[in-house]
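Below is the file upload-v7.txt, which contains compact mmCIF, C-alpha atoms.
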```
# COMPACT_ATOMS: atom_id res chain seq x y z
CA MET A 1 3.20 34.41 -13.97
CA ILE A 2 4.10 33.11 -10.53
CA TYR A 3 5.95 29.78 -10.64
CA ARG A 4 6.43 27.38 -7.76
CA LYS A 5 8.81 24.49 -7.49
CA PHE A 6 7.69 20.89 -7.60
CA LYS A 7 10.86 18.85 -7.27
CA ASP A 8 13.00 20.18 -10.13
CA LEU A 9 10.06 21.57 -12.13
CA ASP A 10 8.84 25.14 -12.40
CA ILE A 11 5.04 24.91 -12.34
CA SER A 12 2.80 27.87 -13.07
CA MET A 13 0.83 28.53 -9.89
CA LEU A 14 -2.32 28.75 -12.04
CA GLY A 15 -3.35 25.54 -13.78
CA PHE A 16 -6.13 25.13 -16.35
CA GLY A 17 -8.70 22.71 -14.91
CA LEU A 18 -10.57 21.11 -17.81
CA MET A 19 -13.76 20.01 -16.04
CA ARG A 20 -15.87 23.06 -16.93
CA LEU A 21 -14.91 23.87 -20.52
CA PRO A 22 -17.12 26.09 -22.67
CA VAL A 23 -19.89 24.14 -24.35
CA LYS A 24 -22.16 24.72 -27.33
CA GLU A 25 -25.95 24.45 -27.38
CA ASP A 26 -25.74 20.71 -28.08
CA LYS A 27 -23.63 20.31 -24.88
CA THR A 28 -20.48 19.38 -26.79
CA VAL A 29 -17.26 21.16 -25.91
CA ASP A 30 -16.64 24.34 -27.86
CA GLU A 31 -13.26 23.32 -29.26
CA GLU A 32 -12.59 26.61 -31.04
CA LEU A 33 -13.06 28.70 -27.90
CA THR A 34 -11.17 26.18 -25.77
CA ALA A 35 -8.23 26.39 -28.20
CA LYS A 36 -8.21 30.18 -27.91
CA MET A 37 -8.25 29.91 -24.11
CA VAL A 38 -5.35 27.44 -24.14
CA ASP A 39 -3.42 29.71 -26.49
CA TYR A 40 -3.93 32.67 -24.16
CA ALA A 41 -2.87 30.54 -21.20
CA MET A 42 0.28 29.31 -22.94
CA LYS A 43 1.27 32.81 -24.04
CA HIS A 44 0.87 34.04 -20.46
CA GLY A 45 2.92 31.30 -18.85
CA VAL A 46 0.33 28.69 -17.79
CA ASN A 47 1.98 25.30 -18.25
CA TYR A 48 -0.25 22.83 -16.35
CA TYR A 49 -3.41 21.27 -17.84
CA ASP A 50 -5.63 18.92 -15.82
CA THR A 51 -8.16 16.54 -17.35
CA ALA A 52 -9.91 13.32 -16.28
CA ALA A 53 -11.95 10.51 -17.80
CA PRO A 54 -15.37 11.72 -16.53
CA TYR A 55 -14.93 15.36 -17.55
CA HIS A 56 -17.44 16.26 -20.26
CA ASN A 57 -18.12 12.53 -20.64
CA GLY A 58 -14.65 11.96 -22.00
CA GLN A 59 -14.63 14.94 -24.38
CA SER A 60 -12.18 16.84 -22.18
CA GLU A 61 -9.36 14.35 -22.77
CA THR A 62 -9.95 14.27 -26.52
CA VAL A 63 -10.23 18.03 -26.93
CA ILE A 64 -7.15 18.91 -24.89
CA GLY A 65 -5.19 16.20 -26.68
CA LYS A 66 -5.98 17.76 -30.06
CA ILE A 67 -5.20 21.28 -28.86
CA LEU A 68 -1.94 20.54 -27.06
CA LYS A 69 -0.68 18.68 -30.11
CA ASN A 70 -0.02 22.15 -31.54
CA TYR A 71 2.56 22.93 -28.86
CA PRO A 72 6.00 21.45 -28.10
CA ARG A 73 5.66 18.53 -25.69
CA ASP A 74 8.15 20.07 -23.28
CA SER A 75 6.16 23.34 -23.07
CA PHE A 76 3.36 21.93 -20.89
CA TYR A 77 2.57 19.46 -18.14
CA LEU A 78 -0.48 17.27 -18.68
CA ALA A 79 -2.35 15.55 -15.84
CA ASP A 80 -4.97 12.81 -16.09
CA LYS A 81 -6.67 10.55 -13.55
CA TYR A 82 -7.81 6.97 -13.06
CA PRO A 83 -11.58 6.84 -12.26
CA GLY A 84 -11.47 4.30 -9.46
CA HIS A 85 -14.14 6.31 -7.65
CA ALA A 86 -16.72 5.44 -10.29
CA VAL A 87 -19.16 2.65 -9.49
CA ALA A 88 -18.53 -0.22 -11.93
CA ASP A 89 -18.74 -3.98 -12.19
CA LYS A 90 -15.03 -4.27 -12.89
CA TYR A 91 -11.93 -2.09 -13.13
CA ASP A 92 -9.26 -2.40 -15.79
CA PRO A 93 -6.52 0.18 -15.15
CA ALA A 94 -4.39 -0.97 -18.09
CA ASP A 95 -7.20 -0.62 -20.61
CA THR A 96 -8.25 2.76 -19.24
CA PHE A 97 -4.68 4.09 -19.18
CA GLU A 98 -3.94 3.06 -22.76
CA LYS A 99 -7.15 4.72 -23.96
CA GLN A 100 -6.30 7.89 -22.06
CA LEU A 101 -2.86 8.13 -23.63
CA LYS A 102 -4.41 7.65 -27.05
CA LYS A 103 -7.16 10.21 -26.49
CA CYS A 104 -4.69 12.77 -25.16
CA GLN A 105 -2.24 11.96 -28.01
CA VAL A 106 0.75 11.66 -25.68
CA GLU A 107 3.23 8.92 -24.85
CA TYR A 108 3.31 9.76 -21.15
CA PHE A 109 1.52 11.82 -18.52
CA ASP A 110 3.54 14.33 -16.55
CA PHE A 111 1.19 13.95 -13.60
CA TYR A 112 -1.25 11.12 -12.99
CA LEU A 113 -3.70 10.80 -10.11
CA LEU A 114 -5.80 8.15 -8.43
CA HIS A 115 -9.07 10.02 -8.79
CA ASN A 116 -11.04 10.85 -5.63
CA VAL A 117 -9.77 8.31 -3.14
CA TYR A 118 -12.29 8.60 -0.30
CA GLU A 119 -14.45 6.52 2.02
CA ASN A 120 -16.47 4.76 -0.69
CA SER A 121 -13.71 4.33 -3.28
CA LEU A 122 -10.83 3.30 -1.02
CA PRO A 123 -11.94 -0.38 -1.01
CA THR A 124 -11.79 -0.37 -4.82
CA TYR A 125 -8.29 1.07 -4.87
CA GLU A 126 -7.20 -1.43 -2.20
CA ASP A 127 -8.80 -4.49 -3.85
CA PRO A 128 -5.97 -6.81 -5.04
CA GLN A 129 -8.12 -8.28 -7.80
CA TRP A 130 -7.94 -4.98 -9.70
CA GLY A 131 -4.30 -4.17 -8.91
CA ILE A 132 -4.92 -0.49 -9.57
CA VAL A 133 -2.22 1.12 -7.47
CA ASP A 134 0.42 -1.48 -8.34
CA TYR A 135 -0.29 -0.96 -12.04
CA PHE A 136 0.28 2.79 -11.88
CA ILE A 137 3.40 2.42 -9.75
CA GLU A 138 4.72 0.18 -12.53
CA GLN A 139 3.81 2.76 -15.18
CA LYS A 140 5.79 5.32 -13.23
CA ARG A 141 8.81 2.98 -13.20
CA ASN A 142 8.39 2.63 -16.96
CA GLY A 143 8.40 6.40 -17.46
CA ARG A 144 4.86 6.60 -18.77
CA ILE A 145 3.90 8.52 -15.62
CA LYS A 146 6.42 11.08 -14.47
CA HIS A 147 4.76 11.92 -11.14
CA LEU A 148 2.07 9.91 -9.36
CA GLY A 149 -0.39 11.35 -6.85
CA LEU A 150 -3.99 11.22 -5.76
CA SER A 151 -6.97 13.49 -5.27
CA SER A 152 -9.28 13.15 -2.30
CA HIS A 153 -12.47 14.52 -0.81
CA ALA A 154 -12.21 12.22 2.22
CA ASP A 155 -12.94 13.30 5.76
CA LEU A 156 -9.96 13.58 8.08
CA PRO A 157 -10.01 10.04 9.58
CA CYS A 158 -10.21 8.43 6.15
CA LEU A 159 -7.65 10.82 4.71
CA ARG A 160 -5.15 9.75 7.35
CA LYS A 161 -5.89 6.11 6.55
CA ILE A 162 -5.28 6.83 2.86
CA LEU A 163 -2.00 8.62 3.52
CA ASP A 164 -0.81 5.96 5.94
CA LYS A 165 -1.27 3.47 3.14
CA TYR A 166 -0.11 5.38 0.07
CA ALA A 167 2.11 8.30 1.15
CA GLU A 168 5.28 6.38 0.25
CA ASP A 169 3.98 5.66 -3.25
CA ILE A 170 2.74 9.14 -4.17
CA GLU A 171 4.49 12.48 -4.60
CA PHE A 172 1.64 14.99 -4.20
CA ILE A 173 -2.00 15.29 -3.18
CA GLN A 174 -4.88 17.24 -4.70
CA LEU A 175 -7.34 18.69 -2.17
CA GLN A 176 -10.42 20.89 -2.24
CA LEU A 177 -9.30 24.14 -0.65
CA ASN A 178 -10.72 27.65 -0.67
CA TYR A 179 -11.33 30.33 1.92
CA LEU A 180 -14.82 28.98 2.67
CA ASP A 181 -13.91 25.29 2.94
CA TRP A 182 -10.86 26.20 5.02
CA THR A 183 -13.26 25.83 7.95
CA VAL A 184 -16.49 24.37 6.50
CA GLN A 185 -14.75 21.22 5.21
CA LYS A 186 -11.76 21.36 7.57
CA GLY A 187 -9.48 22.42 4.74
CA ARG A 188 -6.89 23.76 7.16
CA GLU A 189 -6.59 20.39 8.89
CA LYS A 190 -6.32 18.57 5.55
CA TYR A 191 -3.63 20.97 4.37
CA GLU A 192 -1.68 20.49 7.60
CA MET A 193 -2.02 16.72 7.29
CA ALA A 194 -0.55 16.84 3.79
CA LYS A 195 2.38 18.82 5.18
CA GLU A 196 2.78 16.24 7.94
CA TYR A 197 3.24 13.52 5.31
CA GLY A 198 5.56 15.71 3.23
CA LEU A 199 3.16 15.97 0.30
CA PRO A 200 2.99 19.16 -1.78
CA VAL A 201 -0.59 20.26 -2.48
CA ILE A 202 -2.53 20.91 -5.66
CA VAL A 203 -5.73 22.87 -5.07
CA MET A 204 -9.06 22.00 -6.68
CA GLU A 205 -12.27 24.03 -6.41
CA PRO A 206 -10.47 27.27 -5.47
CA ILE A 207 -13.58 29.27 -6.40
CA ARG A 208 -15.91 26.51 -5.19
CA GLY A 209 -17.66 25.81 -8.47
CA GLY A 210 -18.08 29.53 -9.15
CA LYS A 211 -19.71 30.31 -5.82
CA LEU A 212 -16.86 32.55 -4.67
CA ALA A 213 -16.98 34.47 -7.94
CA LYS A 214 -20.27 36.05 -6.88
CA LEU A 215 -20.18 37.87 -3.56
CA PRO A 216 -22.81 40.22 -2.09
CA GLU A 217 -22.73 43.78 -3.38
CA GLU A 218 -21.76 45.19 0.01
CA THR A 219 -18.83 42.77 0.27
CA MET A 220 -17.59 43.67 -3.20
CA ALA A 221 -17.93 47.35 -2.40
CA GLU A 222 -15.62 46.87 0.59
CA LEU A 223 -13.12 44.88 -1.44
CA ASN A 224 -13.16 47.28 -4.36
CA SER A 225 -12.59 50.21 -2.03
CA LEU A 226 -9.20 48.59 -1.41
CA ARG A 227 -8.64 47.29 -4.95
CA PRO A 228 -10.86 49.00 -7.52
CA SER A 229 -12.39 46.84 -10.29
CA ALA A 230 -10.89 43.59 -8.98
CA SER A 231 -13.18 40.56 -9.37
CA ALA A 232 -14.44 38.38 -6.56
CA ALA A 233 -12.63 35.42 -8.14
CA SER A 234 -9.30 37.25 -8.06
CA PHE A 235 -9.50 37.64 -4.28
CA ALA A 236 -10.30 33.92 -3.94
CA LEU A 237 -7.25 33.04 -6.04
CA ARG A 238 -4.83 35.46 -4.41
CA TRP A 239 -5.82 33.97 -1.03
CA PHE A 240 -3.60 30.95 -1.85
CA GLN A 241 -0.42 32.93 -2.25
CA ASP A 242 0.18 32.74 1.51
CA LEU A 243 0.08 28.92 1.51
CA ASP A 244 3.68 27.84 0.95
CA ASP A 245 2.92 24.12 0.45
CA VAL A 246 0.47 24.81 -2.38
CA PHE A 247 2.39 24.62 -5.64
CA LEU A 248 -0.58 24.71 -8.01
CA VAL A 249 -4.12 26.12 -8.06
CA LEU A 250 -6.46 24.54 -10.62
CA SER A 251 -9.20 26.78 -11.92
CA GLY A 252 -11.98 25.36 -14.08
CA MET A 253 -12.55 28.13 -16.62
CA SER A 254 -15.37 28.13 -19.15
CA ALA A 255 -15.00 31.56 -20.78
CA MET A 256 -12.20 33.75 -22.08
CA ASP A 257 -12.92 36.54 -19.61
CA GLN A 258 -12.42 34.05 -16.78
CA MET A 259 -9.09 33.01 -18.26
CA VAL A 260 -7.92 36.62 -18.56
CA ASP A 261 -9.02 37.43 -15.01
CA ASN A 262 -7.49 34.27 -13.51
CA VAL A 263 -4.17 34.81 -15.26
CA ALA A 264 -4.06 38.38 -14.01
CA ALA A 265 -4.49 37.15 -10.43
CA PHE A 266 -1.19 35.24 -10.73
CA GLU A 267 0.84 37.71 -12.74
CA GLU A 268 2.88 38.64 -9.68
CA CYS A 269 3.19 37.67 -6.04
CA ASP A 270 0.54 39.76 -4.32
CA PRO A 271 -1.07 38.00 -1.34
CA LEU A 272 -4.21 39.39 0.28
CA SER A 273 -3.63 42.30 2.62
CA LYS A 274 -4.82 42.04 6.22
CA GLU A 275 -7.79 44.25 5.35
CA GLU A 276 -8.74 42.15 2.32
CA ALA A 277 -8.37 38.91 4.30
CA ALA A 278 -10.65 40.24 7.04
CA ILE A 279 -13.39 41.06 4.52
CA ILE A 280 -13.01 37.63 2.90
CA ASP A 281 -13.27 35.94 6.30
CA GLY A 282 -16.49 37.82 6.97
CA ALA A 283 -17.91 36.75 3.62
CA ALA A 284 -17.08 33.12 4.40
CA GLU A 285 -18.88 33.31 7.73
CA ALA A 286 -22.00 34.63 6.02
CA MET A 287 -22.00 31.73 3.51
CA LYS A 288 -21.63 28.84 5.90
CA ASN A 289 -25.33 27.96 5.87
CA GLU A 290 -25.16 26.85 2.24
CA ILE A 291 -25.24 23.26 0.98
CA PRO A 292 -21.60 22.66 -0.11
CA CYS A 293 -22.33 21.38 -3.63
CA THR A 294 -19.52 22.13 -6.12
CA ALA A 295 -21.45 20.90 -9.19
CA CYS A 296 -18.91 18.14 -9.91
CA ARG A 297 -21.87 16.07 -11.20
CA TYR A 298 -20.59 12.74 -9.88
CA CYS A 299 -24.06 12.17 -8.36
CA THR A 300 -26.05 12.48 -11.58
CA SER A 301 -24.80 9.29 -13.20
CA SER A 302 -26.17 7.20 -10.33
CA CYS A 303 -29.62 8.82 -10.05
CA PRO A 304 -32.32 6.43 -11.32
CA MET A 305 -34.66 9.39 -11.83
CA GLU A 306 -32.01 11.24 -13.87
CA LEU A 307 -32.40 14.36 -11.78
CA ASP A 308 -30.08 17.30 -12.30
CA ILE A 309 -29.05 17.22 -8.65
CA PRO A 310 -26.41 20.00 -8.73
CA ASP A 311 -28.91 22.33 -10.40
CA LEU A 312 -31.58 21.51 -7.81
CA LEU A 313 -29.18 22.02 -4.89
CA PHE A 314 -28.03 25.29 -6.42
CA LYS A 315 -31.64 26.45 -6.61
CA TYR A 316 -32.29 25.29 -3.04
CA ASN A 317 -29.33 27.35 -1.86
CA GLN A 318 -30.93 30.36 -3.51
CA ILE A 319 -34.20 29.69 -1.71
CA ARG A 320 -32.24 29.51 1.55
CA ALA A 321 -30.86 32.92 0.56
CA ASP A 322 -34.40 34.32 0.17
CA SER A 323 -34.78 33.98 -3.61
CA GLY A 324 -37.86 31.81 -3.39
CA PHE A 325 -40.15 33.52 -5.85
CA THR A 326 -37.52 33.51 -8.60
CA ILE A 327 -36.75 29.83 -8.12
CA LYS A 328 -40.42 28.83 -8.02
CA MET A 329 -40.84 30.66 -11.31
CA GLN A 330 -37.92 28.82 -12.88
CA LEU A 331 -39.18 25.45 -11.66
CA ASP A 332 -42.58 26.06 -13.24
CA ALA A 333 -40.86 25.24 -16.54
CA TYR A 334 -39.59 21.85 -15.30
CA LEU A 335 -41.25 18.55 -16.05
CA GLU A 336 -42.77 17.05 -12.92
CA ASP A 337 -40.37 14.11 -12.98
CA LYS A 338 -37.39 16.52 -12.85
CA LEU A 339 -38.49 18.39 -9.74
CA PRO A 340 -36.95 17.68 -6.31
CA SER A 341 -40.19 15.91 -5.38
CA ALA A 342 -39.29 13.21 -7.93
CA CYS A 343 -36.47 11.98 -5.69
CA ILE A 344 -37.26 8.46 -4.47
CA GLY A 345 -34.76 8.61 -1.59
CA CYS A 346 -32.68 5.64 -2.75
CA GLY A 347 -29.41 7.27 -1.64
CA ALA A 348 -27.38 6.18 -4.69
CA CYS A 349 -26.31 9.77 -5.22
CA MET A 350 -24.76 10.00 -1.75
CA GLU A 351 -22.35 7.17 -2.54
CA MET A 352 -20.82 9.34 -5.27
CA CYS A 353 -20.93 12.72 -3.53
CA PRO A 354 -17.41 13.99 -2.59
CA GLN A 355 -19.00 16.56 -0.26
CA LYS A 356 -20.90 13.95 1.79
CA ILE A 357 -24.17 15.82 1.23
CA GLN A 358 -27.30 14.07 2.46
CA ILE A 359 -28.90 14.67 -0.94
CA PRO A 360 -32.29 12.91 -0.45
CA ASP A 361 -32.84 14.83 2.80
CA GLU A 362 -31.94 18.12 1.13
CA LEU A 363 -34.26 17.45 -1.82
CA ALA A 364 -37.07 16.57 0.57
CA ALA A 365 -36.45 19.81 2.44
CA PHE A 366 -36.38 21.65 -0.88
CA THR A 367 -39.75 20.13 -1.81
CA GLU A 368 -41.20 21.18 1.54
CA ALA A 369 -39.85 24.71 1.11
CA LEU A 370 -41.35 24.98 -2.36
CA GLU A 371 -44.77 24.02 -1.06
CA LYS A 372 -44.72 27.10 1.15
CA ILE A 373 -43.98 29.43 -1.75
CA PRO A 374 -46.80 30.49 -4.09
CA SER A 375 -46.28 29.57 -7.73
CA TRP A 376 -45.23 32.21 -10.20
CA ALA A 377 -48.63 31.81 -11.90
CA ASP A 378 -50.37 32.53 -8.59
CA ILE A 379 -48.19 35.57 -8.02
CA CYS A 380 -48.98 36.88 -11.51
CA ARG A 381 -52.68 36.25 -10.99
CA GLU A 382 -52.63 38.10 -7.68
CA ARG A 383 -50.79 41.01 -9.25
CA ALA A 384 -53.27 41.19 -12.12
CA GLU A 385 -56.18 41.19 -9.68
CA ALA A 386 -54.55 43.92 -7.60
CA GLU A 387 -53.95 46.02 -10.71
CA LYS A 388 -57.56 45.54 -11.79
CA LYS A 389 -58.84 46.64 -8.39
CA LEU A 390 -56.56 49.64 -8.52
CA GLU A 391 -57.84 50.60 -11.94
CA GLU A 392 -61.44 50.20 -10.78
CA GLY A 393 -60.74 52.31 -7.72
CA ASN A 394 -59.33 55.09 -9.90
CA LYS A 395 -62.41 55.29 -12.11
```
C-alpha cells encoding of this file:
Amino acid sequence: MIYRKFKDLDISMLGFGLMRLPVKEDKTVDEELTAKMVDYAMKHGVNYYDTAAPYHNGQSETVIGKILKNYPRDSFYLADKYPGHAVADKYDPADTFEKQLKKCQVEYFDFYLLHNVYENSLPTYEDPQWGIVDYFIEQKRNGRIKHLGLSSHADLPCLRKILDKYAEDIEFIQLQLNYLDWTVQKGREKYEMAKEYGLPVIVMEPIRGGKLAKLPEETMAELNSLRPSASAASFALRWFQDLDDVFLVLSGMSAMDQMVDNVAAFEECDPLSKEEAAIIDGAAEAMKNEIPCTACRYCTSSCPMELDIPDLLFKYNQIRADSGFTIKMQLDAYLEDKLPSACIGCGACMEMCPQKIQIPDELAAFTEALEKIPSWADICRERAEAEKKLEEGNK
C-alpha cells in the first residue's frame, strides 16, 4: 500500500468512502459484506474510513462504528462530517456531533469536515446564531477532533471566498477530482488553489460515481494493450499518483471485487505512463457532453415529487449516448408520477446539487427526447407485424 504523509501521520493513499456501501433488497446496508470489505482493507493497509450523517440515511455511521469496534483504535483513522449543507430550520452542531460520536462508538474523530461548503451553504456556516465553525474549532482544542477540514463543490470564486475565510482554521480540503473533472469542473484550478493556501487535498469522486469504471470497448482495448486485464477504475485511480499534494483518494466501494481492484491500484507507486495518460485524456474528451451527475442524492430529499433524480439523469445521459430504445423500455415500467415529465420545475433540487446542474431544464429536455422515441411496446408491435408479413411472404 502506498502511504502519504499528512503532518506526522502515514495515511494510506486509498481511503474507504462509506457513501455507497453494499445494500440488501430492503435497502439497508449489508453489514456482513461491509465487515468483510473492511477486514480486507485493513489487512491490505487501508487505514482511512470516511462517513457522514447523510450517507445511507445515517446507517453508514452506525455500521462503520460497529465494525471498527473490532479493531484497535490506533489502527485506523475515522472521518465524519457536519451536515451544514442540508436545508433545515435550525442547526445544532453540538447535538449532531455528540450523536455522531455515539453512533460511531468513538471518543474522538481523527478527521472532521464541514460538509460541502459551497454557494448555498456558506451563509449557514457563516451565520453567528448557529456558531458552527466556532464549535468545531473548540472541539479540536478539546482533542475530540484531531484534524479539522472541509469539503467543497463550490465554483472557483466561491471557493476562494471560503478559503479566504477559513484557511487559517482548517488543515486540509476535500475536493471532487478525477481525470474528467480536471477540465469539466475546473479541477486543476481548484487543486492549484488548494496548494496556494497550503492545504493538502483529499479526493472525492475519483471514479465519478462509477462513470469512469465503464469506458468504451475501443478505449479499454487500447489501455489493455498496454496493461492487460487492468480495469477502467484502476487507470482512474492511478492517475492521482502524479499529484503530489493529494494525500488521500476516497473510493466509494459497494462490492468486494471493487475493494480488491482498488487496493491493487495502490499496492505500489505506479503512475500512468505517457501512453496511458494520452488514452485517458482522449476518453475524457469524448465524455464531456454528459450531465455531470455523481449520484450523491442530495437533490432527492428536496424534491416534492419524490423523483429519483440521479437515476433519471443517468438514463438521460444514456439517451444522449444513443441508448434511447433501451431507456424507453426501462421507463415503461415506471409509474407516471416518477417519470421526468412529473417534474414541476420548482428548482428545489438545484439548491442541493453540488454539481450546479440545471435539473428542471435537463428533465424537461429528457421528456422532450423521450417523446421522439417510440415506446418499447410500439417497437415490439412493429417487429411482430414485420415478422408476420415475412412469414406470409414466405408461404
Nearby residues (all atoms listed in the file) at most 12 Å from Ala221 in chain A, same-chain spacing under 3 positions excluded, as an NGL selection string
:A and (215-218 or 224-232 or 276 or 279)
Using all atoms of range 302-306 of chain A listed in the file and a margin of 3 Å per side, can you give the axis-aligned box centre and edge lengths in Å to one decimal, as lines of an AutoDock Vina configuration file?
```
center_x = -30.4
center_y = 8.8
center_z = -12.0
size_x = 14.5
size_y = 10.8
size_z = 9.8
```
Test item: which residues lie within 8 Å of (-8.8, 4.2, -14.2) counting all atoms listed in the file, as a ChimeraX atom specification:
/A:53,81-84,91-94,96-97,114-115,132
Taking 4 positions as the minimum chain separation for residues in the same chain, which residues sit within 10 Å of Pro340 in chain A when counting only C-alpha atoms? Answer as a compact mmCIF listing (two decimals) with C-alpha atoms, keeping the file's coordinate frame.
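And here is the file that came out, part_37.txt:
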```txt
# COMPACT_ATOMS: atom_id res chain seq x y z
CA LEU A 307 -32.40 14.36 -11.78
CA ASP A 308 -30.08 17.30 -12.30
CA ILE A 309 -29.05 17.22 -8.65
CA LEU A 312 -31.58 21.51 -7.81
CA LEU A 313 -29.18 22.02 -4.89
CA TYR A 316 -32.29 25.29 -3.04
CA LEU A 331 -39.18 25.45 -11.66
CA GLU A 336 -42.77 17.05 -12.92
CA ILE A 344 -37.26 8.46 -4.47
CA PRO A 360 -32.29 12.91 -0.45
CA GLU A 362 -31.94 18.12 1.13
CA LEU A 363 -34.26 17.45 -1.82
CA ALA A 364 -37.07 16.57 0.57
CA ALA A 365 -36.45 19.81 2.44
CA PHE A 366 -36.38 21.65 -0.88
CA THR A 367 -39.75 20.13 -1.81
CA GLU A 368 -41.20 21.18 1.54
CA LEU A 370 -41.35 24.98 -2.36
```
What does the distance from CA of Asp242 in chain A to CA of Glu267 in chain A come to in Å, to one decimal?
15.1 Å
Under the rule that all atoms listed in the file are counted, which of A:Ala86, A:Ala284, A:Thr62, A:Asp134 is the nearest residue to Lys103 in chain A?
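Looking only at the distances to Lys103 in chain A, the closest residue turns out to be A:Thr62.
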Counting only C-alpha atoms, which residues sit no farther than 9 Å from the position (-9.9, 35.8, -22.3) in the file's frame? I'd like them as a PDB file with C-alpha atoms, keeping the file's coordinate frame.
```pdb
ATOM      1  CA  LYS A  36      -8.210  30.180 -27.910  1.00  0.00           C
ATOM      2  CA  MET A  37      -8.250  29.910 -24.110  1.00  0.00           C
ATOM      3  CA  TYR A  40      -3.930  32.670 -24.160  1.00  0.00           C
ATOM      4  CA  ALA A  41      -2.870  30.540 -21.200  1.00  0.00           C
ATOM      5  CA  ALA A 255     -15.000  31.560 -20.780  1.00  0.00           C
ATOM      6  CA  MET A 256     -12.200  33.750 -22.080  1.00  0.00           C
ATOM      7  CA  ASP A 257     -12.920  36.540 -19.610  1.00  0.00           C
ATOM      8  CA  GLN A 258     -12.420  34.050 -16.780  1.00  0.00           C
ATOM      9  CA  MET A 259      -9.090  33.010 -18.260  1.00  0.00           C
ATOM     10  CA  VAL A 260      -7.920  36.620 -18.560  1.00  0.00           C
ATOM     11  CA  ASP A 261      -9.020  37.430 -15.010  1.00  0.00           C
TER      12      ASP A 261
END
```
Contacts of Leu101 in chain A within 10 Å, only C-alpha atoms, excl. fewer than 3 positions in-chain, as a VMD selection string
chain A and resid 61 to 62 65 80 96 to 98 104 to 109 144
Rank nothing, just name the residue among A:Arg238, A:Arg208, A:Lys186, A:Lys90 nearest to Asp127 in chain A, using only C-alpha atoms.
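Of A:Arg238, A:Arg208, A:Lys186, A:Lys90, the one nearest Asp127 in chain A, counting only C-alpha atoms, is A:Lys90.
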Contacts of Val117 in chain A at 9 Å or less, counting only C-alpha atoms, minus same-chain residues fewer than 5 places along, as a ChimeraX atom specification?
/A:84-85,122,125,150-154,159,162
I'd like the neighbourhood of Ile359 in chain A as a ChimeraX atom specification, where a residue qualifies if any of its atoms comes within 10 Å (using all atoms listed in the file), though same-chain residues fewer than 6 positions away should be ignored.
/A:291,293,299,309-310,313,343,345-350,353,365
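Computed from the coordinates, the CA of Asp311 in chain A to CA of Val29 in chain A distance equals 19.4 Å.
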For Ile145 in chain A, the nearest of the candidates A:Asp361, A:Glu196, A:Glu351, A:Glu171, counting only C-alpha atoms
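Nearest to Ile145 in chain A: A:Glu171.
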Will you model N, CA and C atoms for range 62-73 of chain A and pass it back as a PDB file, in the frame of the given file?
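Generated output (out-v7.pdb):
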```pdb
ATOM      1  N   THR A  62     -10.117  14.217 -25.070  1.00  0.00           N
ATOM      2  CA  THR A  62      -9.950  14.270 -26.520  1.00  0.00           C
ATOM      3  C   THR A  62      -9.649  15.679 -27.008  1.00  0.00           C
ATOM      4  N   VAL A  63     -10.394  16.642 -26.489  1.00  0.00           N
ATOM      5  CA  VAL A  63     -10.230  18.030 -26.930  1.00  0.00           C
ATOM      6  C   VAL A  63      -8.855  18.567 -26.552  1.00  0.00           C
ATOM      7  N   ILE A  64      -8.444  18.352 -25.307  1.00  0.00           N
ATOM      8  CA  ILE A  64      -7.150  18.910 -24.890  1.00  0.00           C
ATOM      9  C   ILE A  64      -6.002  18.191 -25.613  1.00  0.00           C
ATOM     10  N   GLY A  65      -6.199  16.922 -25.920  1.00  0.00           N
ATOM     11  CA  GLY A  65      -5.190  16.200 -26.680  1.00  0.00           C
ATOM     12  C   GLY A  65      -4.966  16.811 -28.052  1.00  0.00           C
ATOM     13  N   LYS A  66      -6.070  17.142 -28.729  1.00  0.00           N
ATOM     14  CA  LYS A  66      -5.980  17.760 -30.060  1.00  0.00           C
ATOM     15  C   LYS A  66      -5.333  19.136 -29.982  1.00  0.00           C
ATOM     16  N   ILE A  67      -5.700  19.902 -28.968  1.00  0.00           N
ATOM     17  CA  ILE A  67      -5.200  21.280 -28.860  1.00  0.00           C
ATOM     18  C   ILE A  67      -3.718  21.303 -28.503  1.00  0.00           C
ATOM     19  N   LEU A  68      -3.335  20.512 -27.506  1.00  0.00           N
ATOM     20  CA  LEU A  68      -1.940  20.540 -27.060  1.00  0.00           C
ATOM     21  C   LEU A  68      -0.984  19.952 -28.085  1.00  0.00           C
ATOM     22  N   LYS A  69      -1.519  19.228 -29.046  1.00  0.00           N
ATOM     23  CA  LYS A  69      -0.680  18.680 -30.110  1.00  0.00           C
ATOM     24  C   LYS A  69      -0.017  19.799 -30.911  1.00  0.00           C
ATOM     25  N   ASN A  70      -0.566  21.007 -30.811  1.00  0.00           N
ATOM     26  CA  ASN A  70      -0.020  22.150 -31.540  1.00  0.00           C
ATOM     27  C   ASN A  70       1.142  22.819 -30.828  1.00  0.00           C
ATOM     28  N   TYR A  71       1.503  22.313 -29.653  1.00  0.00           N
ATOM     29  CA  TYR A  71       2.560  22.930 -28.860  1.00  0.00           C
ATOM     30  C   TYR A  71       3.672  21.910 -28.594  1.00  0.00           C
ATOM     31  N   PRO A  72       4.910  22.379 -28.427  1.00  0.00           N
ATOM     32  CA  PRO A  72       6.000  21.450 -28.100  1.00  0.00           C
ATOM     33  C   PRO A  72       5.687  20.665 -26.838  1.00  0.00           C
ATOM     34  N   ARG A  73       6.016  19.390 -26.833  1.00  0.00           N
ATOM     35  CA  ARG A  73       5.660  18.530 -25.690  1.00  0.00           C
ATOM     36  C   ARG A  73       6.335  18.988 -24.410  1.00  0.00           C
TER      37      ARG A  73
END
```
